[in-house]
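Okay, target.txt now, which holds compact mmCIF, C-alpha atoms:
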```
# COMPACT_ATOMS: atom_id res chain seq x y z
CA MET A 171 133.55 93.06 98.46
CA THR A 172 130.94 93.96 95.80
CA ARG A 173 132.03 96.68 93.41
CA ILE A 174 129.35 98.84 91.72
CA LEU A 175 130.18 101.20 88.84
CA HIS A 176 127.58 103.93 88.33
CA VAL A 177 127.37 105.39 84.82
CA LEU A 178 126.09 108.95 85.04
CA ASP A 179 125.18 112.01 83.00
CA HIS A 180 126.77 114.43 85.50
CA SER A 181 127.61 114.48 89.19
CA LEU A 182 128.91 116.52 92.08
CA PRO A 183 130.33 119.14 92.31
CA MET A 184 127.45 120.18 90.01
CA HIS A 185 124.22 120.70 91.94
CA SER A 186 120.89 119.32 90.73
CA GLY A 187 118.24 116.88 91.81
CA TYR A 188 120.08 114.33 89.67
CA THR A 189 123.39 114.78 91.49
CA PHE A 190 121.78 114.81 94.94
CA ARG A 191 120.02 111.50 94.24
CA THR A 192 123.31 110.07 92.99
CA ARG A 193 125.14 111.25 96.10
CA ALA A 194 122.50 109.66 98.34
CA ILE A 195 122.69 106.32 96.51
CA LEU A 196 126.49 106.17 96.54
CA ARG A 197 126.77 107.20 100.19
CA ALA A 198 124.20 104.63 101.28
CA GLN A 199 125.95 101.90 99.30
CA ILE A 200 129.30 102.78 100.86
CA ASP A 201 127.66 102.58 104.29
CA LYS A 202 126.42 99.13 103.25
CA GLY A 203 130.05 98.07 102.77
CA TRP A 204 130.13 98.10 98.97
CA GLU A 205 132.83 99.73 96.86
CA VAL A 206 131.35 102.30 94.49
CA ARG A 207 132.56 104.67 91.83
CA GLY A 208 130.87 106.84 89.24
CA ILE A 209 131.79 107.83 85.70
CA THR A 210 130.19 110.81 83.96
CA GLY A 211 129.68 111.60 80.30
CA ARG A 212 130.75 114.65 78.36
CA ARG A 213 127.72 116.65 79.53
CA HIS A 214 129.34 116.96 82.95
CA SER A 215 130.52 120.56 82.60
CA ALA A 216 132.24 121.29 85.93
CA ALA A 217 135.98 121.78 85.66
CA GLY A 218 138.16 119.21 87.37
CA PRO A 219 140.58 116.31 86.92
CA THR A 220 139.68 113.07 85.11
CA GLU A 221 139.51 111.32 88.50
CA GLN A 222 137.98 113.40 91.24
CA VAL A 223 136.92 112.84 94.84
CA VAL A 224 133.97 115.03 95.83
CA ASP A 225 132.29 114.80 99.23
CA GLY A 226 134.11 111.52 99.81
CA LEU A 227 132.85 109.98 96.53
CA THR A 228 135.09 108.98 93.62
CA PHE A 229 134.11 110.06 90.10
CA HIS A 230 135.82 109.49 86.78
CA ARG A 231 135.24 111.76 83.78
CA THR A 232 134.86 111.03 80.09
CA PRO A 233 137.51 113.25 78.47
CA GLY A 234 136.72 115.87 75.85
CA ASP A 235 134.04 118.50 75.33
CA PRO A 236 130.59 117.63 73.94
CA ALA A 237 130.75 117.03 70.19
CA LYS A 238 129.41 119.66 67.79
CA GLY A 239 127.43 119.53 64.57
CA ASN A 240 124.42 117.43 63.60
CA ALA A 241 122.47 116.38 66.71
CA VAL A 242 122.40 112.66 65.88
CA LEU A 243 126.11 112.54 64.99
CA ARG A 244 126.99 114.63 68.03
CA GLU A 245 125.19 112.31 70.41
CA TRP A 246 126.65 109.23 68.71
CA ARG A 247 130.19 110.59 69.12
CA ASP A 248 129.56 111.46 72.78
CA LEU A 249 128.11 107.98 73.34
CA SER A 250 131.16 106.36 71.76
CA ALA A 251 133.56 108.46 73.84
CA HIS A 252 131.60 107.59 76.99
CA ALA A 253 131.66 103.87 76.15
CA ASP A 254 135.44 104.03 75.61
CA ALA A 255 135.95 105.71 78.98
CA ILE A 256 133.70 103.17 80.73
CA ASP A 257 135.59 100.32 79.07
CA ALA A 258 138.95 101.66 80.21
CA LEU A 259 137.71 102.00 83.79
CA VAL A 260 136.16 98.51 83.76
CA ARG A 261 139.48 96.98 82.66
CA GLN A 262 141.28 98.88 85.43
CA TRP A 263 138.82 98.59 88.33
CA ARG A 264 136.90 95.35 87.57
CA PRO A 265 133.38 96.15 88.85
CA ASP A 266 130.94 93.33 89.60
CA VAL A 267 127.86 95.26 88.44
CA ILE A 268 127.37 98.23 86.13
CA HIS A 269 124.54 100.51 87.24
CA ALA A 270 123.64 102.95 84.45
CA HIS A 271 121.40 105.93 85.15
CA SER A 272 119.26 107.83 82.64
CA PRO A 273 119.31 109.39 80.10
CA VAL A 274 119.22 106.49 77.68
CA LEU A 275 122.57 107.34 76.07
CA ASN A 276 124.25 106.28 79.32
CA ALA A 277 122.48 102.93 79.15
CA MET A 278 123.51 102.43 75.53
CA ALA A 279 127.16 103.22 76.29
CA ALA A 280 127.15 101.00 79.37
CA GLN A 281 125.49 98.11 77.52
CA ARG A 282 128.31 98.00 74.98
CA VAL A 283 130.82 97.54 77.77
CA ALA A 284 128.71 95.22 79.91
CA LYS A 285 128.17 92.85 76.97
CA ARG A 286 131.85 92.91 76.04
CA HIS A 287 132.99 92.02 79.57
CA GLY A 288 130.12 89.79 80.64
CA ILE A 289 129.12 92.12 83.50
CA PRO A 290 125.46 92.35 84.59
CA LEU A 291 123.79 95.70 83.93
CA ILE A 292 120.99 97.44 85.78
CA TYR A 293 119.46 100.49 84.07
CA GLU A 294 117.86 103.12 86.31
CA ILE A 295 115.34 105.52 84.79
CA ARG A 296 114.72 108.78 86.61
CA ALA A 297 112.63 110.26 83.78
CA PHE A 298 112.06 109.34 80.15
CA TRP A 299 114.47 111.43 78.11
CA GLU A 300 111.87 112.23 75.46
CA ASP A 301 109.45 113.60 78.07
CA ALA A 302 112.19 115.53 79.86
CA ALA A 303 113.03 117.24 76.55
CA VAL A 304 109.40 118.28 76.14
CA GLY A 305 109.28 119.54 79.73
CA ASN A 306 112.45 121.58 79.24
CA GLY A 307 111.20 123.09 75.99
CA ALA A 308 113.83 121.24 73.93
CA GLY A 309 111.45 118.86 72.15
CA ALA A 310 107.88 118.23 71.12
CA GLU A 311 105.60 115.26 71.63
CA ASN A 312 104.97 113.13 68.53
CA SER A 313 107.99 114.58 66.72
CA PRO A 314 110.35 112.18 64.89
CA ARG A 315 113.01 112.77 67.57
CA TYR A 316 110.50 112.01 70.33
CA TRP A 317 109.51 108.75 68.62
CA LEU A 318 113.14 107.72 68.06
CA THR A 319 114.13 108.43 71.64
CA ARG A 320 111.17 106.42 72.90
CA GLN A 321 112.21 103.46 70.76
CA LEU A 322 115.79 103.68 72.06
CA GLU A 323 114.50 103.79 75.64
CA THR A 324 112.37 100.71 75.14
CA ARG A 325 115.23 98.85 73.49
CA ALA A 326 117.61 99.76 76.32
CA VAL A 327 115.13 98.48 78.90
CA ARG A 328 114.69 95.19 77.05
CA SER A 329 118.46 94.74 76.81
CA ALA A 330 119.22 95.47 80.49
CA ASP A 331 119.47 92.62 82.98
CA ALA A 332 117.32 94.57 85.45
CA VAL A 333 115.56 97.93 85.51
CA ALA A 334 114.99 100.40 88.33
CA VAL A 335 112.59 103.34 88.18
CA ILE A 336 111.96 106.09 90.70
CA CYS A 337 108.17 105.83 90.86
CA GLU A 338 105.10 103.79 89.99
CA GLY A 339 104.24 106.10 87.09
CA LEU A 340 107.38 105.11 85.19
CA ARG A 341 106.92 101.45 86.07
CA GLY A 342 103.36 101.46 84.76
CA ASP A 343 104.46 103.06 81.49
CA LEU A 344 107.13 100.38 80.93
CA VAL A 345 104.70 97.56 81.72
CA ALA A 346 102.31 99.06 79.15
CA ARG A 347 105.14 98.78 76.61
CA GLY A 348 105.31 95.05 77.24
CA ILE A 349 108.23 94.96 79.70
CA ASP A 350 108.05 92.09 82.20
CA PRO A 351 106.98 93.60 85.57
CA ALA A 352 109.27 91.13 87.37
CA LYS A 353 112.25 92.82 85.72
CA ILE A 354 111.44 96.23 87.24
CA ILE A 355 111.98 97.51 90.78
CA VAL A 356 110.83 100.85 92.13
CA SER A 357 113.56 102.74 93.99
CA PRO A 358 111.78 105.96 94.92
CA ASN A 359 113.34 109.32 95.53
CA GLY A 360 114.42 109.59 99.13
CA VAL A 361 115.87 111.99 101.64
CA ASP A 362 119.03 111.77 103.70
CA MET A 363 117.47 112.41 107.11
CA THR A 364 120.87 113.26 108.57
CA GLN A 365 120.98 116.22 106.18
CA PHE A 366 117.35 117.34 105.97
CA GLY A 367 115.81 115.87 109.10
CA THR A 368 116.67 118.78 111.41
CA PRO A 369 115.25 122.09 110.17
CA ALA A 370 117.29 125.21 110.70
CA PRO A 371 115.82 127.99 112.88
CA ARG A 372 114.66 131.14 111.14
CA ASP A 373 117.39 133.78 110.94
CA PRO A 374 115.86 137.13 111.99
CA ALA A 375 118.53 139.08 110.13
CA LEU A 376 117.74 137.27 106.87
CA THR A 377 114.01 137.76 107.53
CA ALA A 378 114.61 141.50 107.81
CA THR A 379 116.86 141.59 104.74
CA LEU A 380 114.22 139.86 102.63
CA GLY A 381 111.41 142.04 104.01
CA LEU A 382 109.45 139.07 105.34
CA ALA A 383 108.78 140.18 108.93
CA GLY A 384 105.13 139.44 109.76
CA ALA A 385 104.45 137.99 106.31
CA ASP A 386 102.55 134.89 105.23
CA VAL A 387 105.39 133.43 103.15
CA VAL A 388 104.84 131.13 100.19
CA GLY A 389 108.04 129.83 98.66
CA PHE A 390 109.64 127.76 95.95
CA ILE A 391 113.27 126.59 96.01
CA GLY A 392 114.59 124.85 92.91
CA SER A 393 115.12 125.17 89.17
CA PHE A 394 112.95 127.49 87.09
CA TYR A 395 111.66 125.27 84.28
CA ASP A 396 108.36 125.84 82.48
CA TYR A 397 106.86 122.58 83.76
CA GLU A 398 107.29 123.76 87.38
CA GLY A 399 104.34 126.12 86.83
CA LEU A 400 105.90 129.14 88.54
CA ASP A 401 104.09 131.42 86.11
CA ASP A 402 100.81 130.10 87.55
CA LEU A 403 102.11 130.76 91.07
CA ILE A 404 102.94 134.37 90.18
CA ALA A 405 99.56 134.72 88.47
CA ALA A 406 97.90 133.53 91.69
CA MET A 407 99.44 136.29 93.80
CA PRO A 408 96.87 139.08 93.17
CA GLN A 409 94.00 136.87 94.36
CA LEU A 410 96.04 135.56 97.29
CA VAL A 411 97.13 139.04 98.43
CA ARG A 412 93.57 140.31 98.28
CA ALA A 413 92.59 137.46 100.62
CA ARG A 414 95.78 137.63 102.72
CA PRO A 415 97.31 141.14 102.52
CA GLN A 416 100.50 139.98 104.28
CA ALA A 417 101.18 137.23 101.72
CA LYS A 418 104.55 137.25 99.99
CA LEU A 419 106.15 134.91 97.46
CA LEU A 420 109.82 133.96 97.84
CA LEU A 421 111.46 132.39 94.78
CA VAL A 422 114.93 130.90 95.31
CA GLY A 423 116.89 129.47 92.39
CA GLY A 424 117.20 130.08 88.67
CA GLY A 425 116.92 128.46 85.29
CA PRO A 426 115.70 128.88 81.71
CA CYS A 427 112.46 130.64 82.68
CA GLU A 428 113.94 133.08 85.17
CA GLN A 429 113.90 136.17 82.94
CA ALA A 430 110.35 135.56 81.75
CA LEU A 431 109.20 135.06 85.34
CA ARG A 432 110.90 138.25 86.48
CA GLU A 433 109.17 140.17 83.68
CA GLN A 434 105.83 138.62 84.61
CA ALA A 435 106.35 139.64 88.23
CA LEU A 436 107.25 143.20 87.26
CA ALA A 437 103.94 143.46 85.37
CA SER A 438 101.96 142.16 88.37
CA PRO A 439 99.93 144.73 90.37
CA PHE A 440 101.45 143.12 93.47
CA ASN A 441 105.06 143.06 92.30
CA ASP A 442 106.22 144.24 95.74
CA HIS A 443 104.92 140.96 97.19
CA ILE A 444 107.15 138.83 94.92
CA ILE A 445 110.82 138.38 95.87
CA PHE A 446 113.47 136.78 93.65
CA VAL A 447 116.57 135.70 95.55
CA GLY A 448 118.48 134.03 92.71
CA ARG A 449 120.70 131.01 93.20
CA VAL A 450 122.22 130.50 96.63
CA PRO A 451 125.08 128.22 97.78
CA HIS A 452 123.83 124.75 98.64
CA ASP A 453 124.99 125.06 102.24
CA GLN A 454 122.79 128.16 102.62
CA VAL A 455 119.57 126.66 101.23
CA GLU A 456 118.30 125.51 104.63
CA HIS A 457 118.25 129.12 105.84
CA TYR A 458 115.83 130.02 103.04
CA TYR A 459 113.65 126.99 103.77
CA ALA A 460 113.38 128.39 107.30
CA GLN A 461 111.90 131.65 105.96
CA ILE A 462 108.99 129.90 104.23
CA ASP A 463 105.65 128.99 105.78
CA VAL A 464 104.28 126.98 102.84
CA LEU A 465 106.39 125.36 100.11
CA ALA A 466 104.45 125.50 96.82
CA TYR A 467 104.96 123.12 93.89
CA PRO A 468 102.51 124.13 91.12
CA ARG A 469 103.74 121.71 88.41
CA LYS A 470 101.82 121.78 85.14
CA ALA A 471 99.89 118.72 83.93
CA MET A 472 101.89 116.82 81.28
CA ARG A 473 103.41 113.37 80.78
CA LEU A 474 106.63 114.30 82.59
CA THR A 475 104.91 115.55 85.74
CA ASP A 476 102.29 112.80 85.74
CA LEU A 477 104.89 110.04 85.49
CA VAL A 478 107.79 111.39 87.58
CA THR A 479 107.96 112.13 91.30
CA PRO A 480 110.03 115.20 92.26
CA LEU A 481 112.56 115.35 95.07
CA LYS A 482 111.98 118.84 96.48
CA PRO A 483 108.61 118.20 98.19
CA LEU A 484 110.17 115.25 100.02
CA GLU A 485 112.99 117.44 101.32
CA ALA A 486 110.45 119.96 102.62
CA MET A 487 108.31 117.22 104.20
CA ALA A 488 111.42 115.74 105.86
CA GLN A 489 111.80 119.05 107.69
CA GLY A 490 108.17 118.95 108.80
CA ARG A 491 107.31 121.88 106.59
CA LEU A 492 103.91 122.49 105.03
CA VAL A 493 103.62 121.68 101.32
CA ALA A 494 101.00 122.57 98.73
CA ALA A 495 101.22 121.09 95.25
CA SER A 496 99.30 120.57 92.04
CA SER A 497 97.47 117.26 91.80
CA VAL A 498 99.58 115.80 88.98
CA GLY A 499 100.43 112.10 89.15
CA GLY A 500 103.97 112.58 90.44
CA HIS A 501 102.72 114.63 93.39
CA ARG A 502 99.87 112.26 94.19
CA GLU A 503 102.43 109.48 94.78
CA LEU A 504 104.06 111.59 97.50
CA ILE A 505 101.34 113.74 99.05
CA GLU A 506 98.02 112.70 100.59
CA ASP A 507 95.66 115.66 100.33
CA GLY A 508 94.68 117.00 103.73
CA VAL A 509 97.01 114.56 105.53
CA THR A 510 100.63 115.16 104.52
CA GLY A 511 99.99 118.20 102.33
CA THR A 512 97.48 120.11 100.22
CA LEU A 513 96.74 119.37 96.56
CA PHE A 514 95.16 121.81 94.10
CA ALA A 515 94.16 121.63 90.45
CA PRO A 516 97.10 122.10 88.03
CA ASP A 517 97.31 124.98 85.53
CA ASP A 518 94.84 127.01 87.61
CA PRO A 519 96.07 130.17 89.40
CA ALA A 520 92.70 130.65 91.11
CA ALA A 521 92.90 127.14 92.59
CA ILE A 522 96.42 127.87 93.84
CA ALA A 523 95.29 131.10 95.51
CA ASP A 524 92.28 129.42 97.13
CA ALA A 525 94.38 126.57 98.51
CA LEU A 526 97.07 128.87 99.93
CA ALA A 527 94.56 131.31 101.41
CA GLY A 528 92.78 128.41 103.10
CA LEU A 529 96.03 127.20 104.66
CA PHE A 530 96.89 130.63 106.04
CA ALA A 531 93.36 131.12 107.36
CA ASP A 532 93.79 128.26 109.83
CA ARG A 533 97.24 127.39 111.12
CA SER A 534 96.02 125.12 113.90
CA PRO A 535 96.60 121.82 111.95
CA TRP A 536 100.05 122.82 110.71
CA ALA A 537 102.16 121.22 113.44
CA GLU A 538 100.31 117.90 113.24
CA ARG A 539 100.40 117.82 109.45
CA GLY A 540 104.12 118.60 109.43
CA ALA A 541 104.79 115.79 111.91
CA ILE A 542 102.78 113.30 109.84
CA ALA A 543 104.60 114.33 106.66
CA ARG A 544 107.98 113.97 108.32
CA ALA A 545 107.04 110.53 109.68
CA PHE A 546 106.01 109.43 106.16
CA VAL A 547 109.38 110.46 104.72
CA GLU A 548 111.32 108.86 107.56
CA ARG A 549 109.35 105.63 107.21
CA GLU A 550 109.00 105.27 103.43
CA ARG A 551 111.34 107.72 101.70
CA ASN A 552 114.50 107.52 103.79
CA TRP A 553 117.64 106.66 101.80
CA SER A 554 118.96 104.45 104.58
CA SER A 555 116.03 102.08 103.92
CA ASN A 556 115.49 102.82 100.21
CA ILE A 557 118.92 101.46 99.39
CA LEU A 558 117.86 98.00 100.53
CA ARG A 559 115.73 97.72 97.38
CA TYR A 560 118.88 97.39 95.24
CA GLU A 561 120.48 94.62 97.27
CA PRO A 562 118.32 91.66 96.14
CA VAL A 563 118.63 92.80 92.52
CA TYR A 564 122.43 92.94 92.72
CA GLN A 565 122.49 89.53 94.42
CA ARG A 566 120.25 88.02 91.75
CA LEU A 567 122.40 89.43 88.93
CA LEU A 568 125.62 88.26 90.53
CA ALA A 569 124.20 84.76 91.02
CA ARG A 570 123.67 84.33 87.29
CA PRO A 571 126.23 82.38 85.22
CA VAL A 572 129.00 84.72 84.10
CA ARG A 573 128.74 85.61 80.44
CA ALA A 574 131.75 85.27 78.19
CA ARG A 575 134.37 87.91 78.83
CA VAL A 576 136.90 89.37 76.43
CA ALA A 577 140.58 89.33 77.32
CA ALA A 578 141.46 92.26 79.53
```
As structure tokens, what does this structure read like?
Amino acid sequence: MTRILHVLDHSLPMHSGYTFRTRAILRAQIDKGWEVRGITGRRHSAAGPTEQVVDGLTFHRTPGDPAKGNAVLREWRDLSAHADAIDALVRQWRPDVIHAHSPVLNAMAAQRVAKRHGIPLIYEIRAFWEDAAVGNGAGAENSPRYWLTRQLETRAVRSADAVAVICEGLRGDLVARGIDPAKIIVSPNGVDMTQFGTPAPRDPALTATLGLAGADVVGFIGSFYDYEGLDDLIAAMPQLVRARPQAKLLLVGGGPCEQALREQALASPFNDHIIFVGRVPHDQVEHYYAQIDVLAYPRKAMRLTDLVTPLKPLEAMAQGRLVAASSVGGHRELIEDGVTGTLFAPDDPAAIADALAGLFADRSPWAERGAIARAFVERERNWSSNILRYEPVYQRLLARPVRARVAA
């Protein structure tokens, strides 16, 4: 039986798009009949034992807290500790393939071990670390750190036996760097239709509690990062409310920009039309989806959003819900304007308001559009079929001559 070891930044029980994608991959591989485990680095911050079963999945932890001090030395120490933990698990469990997931430090740690033991390595990139840092406000384009991280990423890709990316934008960027296209597969973000395929009914009590009875509800559920463009969505509300007096904005989640967004909303002349819920337990999220008429994703235009496809619009589309999103590259890979959703110009509150007002002005196409969007996800973004993209890569890697192994 094929054994796959996934090298991860963090995992369940932490909740993020990263951990939900990981859960979907591991579950689908188990259903395929493979043995899988994951090992996380020191940035996994949830308390728990060094070996932990969560939601039926087995995870191992790199011991110790994140190193302190100089950023470069800190990351090098964390990388070394992660590599040591991976090595110990490899000697104990004997995986056939190591599947490292971004950020690049995971690939670097995994490559040390894979080379030492002669195990094939696939490196999966969900976003370029340097661009993610810019998007999160932790870095700047064209800085020395950005350049260094980009060089490390390119080197890790060249050293891996195979590379997976989540979208065509990332693949195109790697090909432009001179990476052989035959080395790269696209394994797009997907949805577990058994989890998201059946939308929950609207809870009248929750509707009343939130003050949404009779409202045209626009909503966002996710993390509040600057690149999500929620400030533009709030800025669009005065124009939208003037066109649709019953319009309300429901924001569910939290993150680095939450306080600034709350202050912006308080200063809005239509503050009473903007509702912050905060973070909610994951098993309650579907009840908030059910309160929303149109899911809005107003991502700003930048390298991160042009290259990377998000997960949240797919989850909404899987439920047959209406989506409206900015026309950045990552959204254009998922949403066909006027067919599976509505696209509007990024960084433009007036364009957001116009698009949303137009949707609420005519609800007659909503049911058909929702059905088409759901069919697209079920056909092309369903994890039960997405997982098949890995199988030929694993088989090809396992068919190669075994590299020299060190004594166990």
So which residues touch A:Gln321 within 12 Å, counting all atoms listed in the file, skipping near sequence neighbours fewer than 4 positions away, as a VMD selection string?
chain A and resid 274 298 to 300 314 to 317 325 to 328 344 347
Can you build me a table of stretch 402-493 of chain A residues sitting at most 10 Å from stretch 373-380 of chain A, with the closest atom pair per residue and its distance in Å to one decimal, using all atoms listed in the file, sorted by chain and residue number, as a Markdown table?
```
| residue | atom | partner | partner_atom | distance |
| --- | --- | --- | --- | --- |
| A:Leu420 | CA | A:Leu380 | CA | 8.8 |
| A:Ile445 | CA | A:Leu380 | CA | 7.7 |
| A:Phe446 | CA | A:Leu380 | CA | 9.5 |
| A:Val447 | CA | A:Leu380 | CA | 8.5 |
| A:His457 | CA | A:Asp373 | CA | 7.0 |
| A:Tyr458 | CA | A:Leu376 | CA | 8.4 |
| A:Ala460 | CA | A:Asp373 | CA | 7.6 |
| A:Gln461 | CA | A:Thr377 | CA | 6.7 |
| A:Ile462 | CA | A:Thr377 | CA | 9.9 |
```
Go through A:Asp524, A:Glu485, A:Asp463, A:Glu428 and flag the residue nearest A:Leu410, using only C-alpha atoms for the distances.
A:Asp524
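Among the candidates A:Gln434, A:Thr319, A:Ser554, A:Gln565, the residue lying nearest to A:Pro290 is A:Gln565 (atoms considered: all atoms listed in the file).
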Identify, on the basis of all atoms listed in the file, every residue whose closest approach to A:Asp507 does not exceed 10 Å; exclude the query and any residue fewer than 5 positions from it along the same chain; express the result as a ChimeraX atom specification.
/A:494-495,497,501-502,512-514
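Atom to atom, atom CA of A:Arg549 and atom CA of A:Ala537 stand 18.3 Å apart.
Minimum atom-to-atom distance to A:Ala194, evaluated using all atoms listed in the file, belongs to A:Trp553 out of A:Tyr293, A:Phe229, A:Tyr395, A:Trp553.
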Go through A:Arg244, A:Arg570, A:His271, A:Arg286 and flag the residue nearest A:Glu323, using all atoms listed in the file for the distances.
A:His271
Residues around (99.2, 112.0, 106.8), cut-off 9 Å, counting all atoms listed in the file - what are they as a PyMOL selection string?
chain A and resi 505-511+538-543+545-546
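With distances restricted to only C-alpha atoms, A:Val267 is the closest residue to A:Arg566 from A:Val267, A:Leu436, A:Ile174, A:Val450.
A straight line drawn from atom CA of A:Met278 to atom CA of A:Ser329 is 9.3 Å long.
For the choices A:Glu550, A:Asp179, A:Asp331, A:Asp248, the atom-to-atom distance to A:Ala284 is smallest for A:Asp331 when using all atoms listed in the file.
Note that the spacing between atom CA of A:Asp396 and atom CA of A:Pro236 amounts to 25.2 Å.
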Report as JSON lines: every residue of stretch 353-453 of chain A with an atom at most 12 Å from stretch 196-218 of chain A, its closest pair of atoms, and their distance in Å to one decimal, counting only C-alpha atoms, with rows sorted by chain and ascending residue number.
```
{"residue": "A:Gly360", "atom": "CA", "partner": "A:Ala198", "partner_atom": "CA", "distance": 11.2}
{"residue": "A:Val361", "atom": "CA", "partner": "A:Ala198", "partner_atom": "CA", "distance": 11.1}
{"residue": "A:Asp362", "atom": "CA", "partner": "A:Ala198", "partner_atom": "CA", "distance": 9.1}
{"residue": "A:Met363", "atom": "CA", "partner": "A:Ala198", "partner_atom": "CA", "distance": 11.8}
{"residue": "A:Thr364", "atom": "CA", "partner": "A:Ala198", "partner_atom": "CA", "distance": 11.8}
```
What are the centre and the three edge lengths of an axis-aligned box that wraps all atoms of stretch 336-340 of chain A in the file, given that 4 Å is added to every side, written as JSON and rounded to one decimal in Å?
```
{"center_x": 108.1, "center_y": 104.9, "center_z": 88.0, "size_x": 15.7, "size_y": 10.3, "size_z": 13.7}
```
